[in-house]
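A.B. asks: I'd like to ask you about the structure that follows.
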Amino acid sequence: MLHHLTDIPLSSALDGEFETYETLSHLPRQHTALRTLRRCAFVVGPVMRRRGWSIPILGELPPNDACLGKSYFERKITKSGKVSTKTCAPQKIRLRLRYPDDAGVFVPIGEVMRTMLHEVTHLQYRGHFLGFYGFNAQLLLELERDVEVGRLRGVVRWHEIPDSIADTAEIRETMMRDVVKSVSGRLKSDRARIKWGM
C-alpha cells in the first residue's frame, strides 16, 4: 500500500527525503510499519540533505526476503551524436522490517537503521568494495554526530542508531559476491564478443 506524504498526517520527528512510503498491505500492523519507515526517513534525513539526495519511495520488503534491504535505480542511456551518457537515478529503497517467522514482530529500529544506512550508501557506491564500506562508516559517524550535537540531538535515542556498519564476515561475503558477479559479467560479455567476431 502506498502512503503519499500529502495523504498522511504530518507528525514531528517523522519523515525525511522521501515523498512516498510503501507498506505490505497483506501483513498485520500496517500503522507500525508505516511509522517505522517514516522514523527511518527522519533519522537519516540530515545525512541525505547534506548531499542533496532524495528518493521517491521508501518501502517495506517481505519478511521472508533473503535480503535485509534493497536499492532500486533507473538506468538511462542517452545518445547525442557519437556520445553516450549513462545516468543512474535512485527510485526506491526497501527495508525488511519484520521477522520471517512472525510477520507481526518487528526488527529493532537500530538494526533497521543499519540497513537503511547501508542502502543509502549505495547512492554513492553501487558495489560492496572498500570505498563502499569506508563511506558507510563515514555516514554512521555523521549520524552519531547529529545525535550528539546536531539536528537530531534530544530527538533521536541511541538505541535507534546502529553500533556498527557490518562485521568482517559480512564485508568479506558481500565483497566476494560482487567480485563473482563482476567476473561472470565480464566473461559473458567476452563470450558474446567472441561469438559475434567483435
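We name chains A, B, ... following the order of the C-alpha cells; residues begin at 1 in each chain, and ligands are numbered from 1 as shown.
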Report as a PyMOL selection string all protein, DNA and RNA residues lying within 8 Å of range 50-64 of chain A, evaluated on only C-alpha atoms, omitting residues in the same chain fewer than 6 positions from it.
C.D. replies: chain A and resi 17-24+33+37+41+90-101+103
A.B. asks: Taking only chain A into account, list the residues labelled helix (DSSP H, G or I) by DSSP (computed from the backbone), as JSON, numbers by chain.
C.D. replies: {"A": [30, 31, 32, 33, 34, 35, 36, 37, 38, 39, 40, 41, 42, 43, 44, 45, 46, 47, 48, 49, 50, 51, 109, 110, 111, 112, 113, 114, 115, 116, 117, 118, 119, 120, 121, 130, 131, 132, 133, 134, 135, 136, 137, 138, 139, 140, 141, 142, 143, 144, 145, 146, 147, 148, 158, 159, 160, 168, 169, 170, 171, 172, 173, 174, 175, 176, 177, 178, 179, 180, 181, 182, 183, 184, 185, 186, 187, 188, 189, 190, 191, 192, 193, 194, 195]}
A.B. asks: If DSSP is run on the backbone, what residues of range 2-156 of chain A are strand (DSSP E or B)? A reply as a ChimeraX atom specification would be ideal.
C.D. replies: /A:2-4,18-22,55-61,69-80,83-96,98-99,102-106
A.B. asks: Could you tell me how far CA of Leu2 in chain A lies from CA of Arg38 in chain A, in Å and to one decimal?
C.D. replies: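 That distance, rounded to one decimal, is 12.7 Å.
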A.B. asks: One decimal, in Å: what's the spacing between CA of Leu14 in chain A and CA of Val43 in chain A?
C.D. replies: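 Here the two named atoms are 8.1 Å from each other.
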A.B. asks: For Val107 in chain A, which residue out of A:Thr36, A:Asn136, A:Thr85, A:Thr78 is the nearest one, using only C-alpha atoms?
C.D. replies: A:Thr36
A.B. asks: For each of A:Met175, A:Glu119, A:Ala89, A:Ser25, take the minimum atom-to-atom distance to Gly131 in chain A, counting only C-alpha atoms, then give the residue where this is smallest.
C.D. replies: A:Met175
A.B. asks: Select, from A:Ile8, A:Leu143, A:Met116, A:Cys40, the residue with the minimum atom-to-atom distance to Ser71 in chain A, counting only C-alpha atoms.
C.D. replies: A:Met116
A.B. asks: Determine, counting only C-alpha atoms, which protein, DNA and RNA residues have an atom within 12 Å of an atom of Phe135 in chain A; residues of the same chain fewer than 2 positions away are not included. Present the result as a ChimeraX atom specification.
C.D. replies: /A:47,117-133,137-142,165
A.B. asks: Can I get the selection written as a compact mmCIF listing (two decimals), in the first residue's frame, with C-alpha atoms?
C.D. replies:
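Result saved to out.txt:
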```txt
# COMPACT_ATOMS: atom_id res chain seq x y z
CA VAL A 47 22.73 12.86 6.12
CA LEU A 117 22.49 3.47 6.11
CA HIS A 118 23.79 0.56 4.02
CA GLU A 119 21.19 1.22 1.31
CA VAL A 120 21.77 4.99 1.38
CA THR A 121 25.49 4.29 0.86
CA HIS A 122 24.53 2.74 -2.49
CA LEU A 123 23.61 6.24 -3.66
CA GLN A 124 27.36 6.89 -3.79
CA TYR A 125 28.82 3.39 -4.38
CA ARG A 126 26.93 0.62 -6.20
CA GLY A 127 29.29 -2.28 -5.37
CA HIS A 128 30.33 -3.59 -1.97
CA PHE A 129 34.03 -2.79 -2.12
CA LEU A 130 36.36 -0.94 0.24
CA GLY A 131 35.16 2.52 -0.83
CA PHE A 132 31.58 1.48 -0.09
CA TYR A 133 32.33 0.33 3.46
CA ALA A 137 31.33 4.12 8.17
CA GLN A 138 31.57 7.87 7.44
CA LEU A 139 27.77 8.13 7.23
CA LEU A 140 27.43 6.33 10.57
CA LEU A 141 29.88 8.78 12.17
CA GLU A 142 27.87 11.70 10.78
CA ILE A 165 28.15 -0.83 9.90
```
A.B. asks: Using only C-alpha atoms, which residues sit within 8 Å of Arg75 in chain A once same-chain residues fewer than 4 positions away are excluded, as a list in words?
C.D. replies: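 Within the cut-off, the hits are Lys86, Thr87, Cys88 and Ala89 of chain A.
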A.B. asks: Kindly give the distance, in Å, that separates CA of Val112 in chain A and CA of Arg39 in chain A, rounded to a single decimal.
C.D. replies: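 Between these atoms lies a distance of 10.4 Å.
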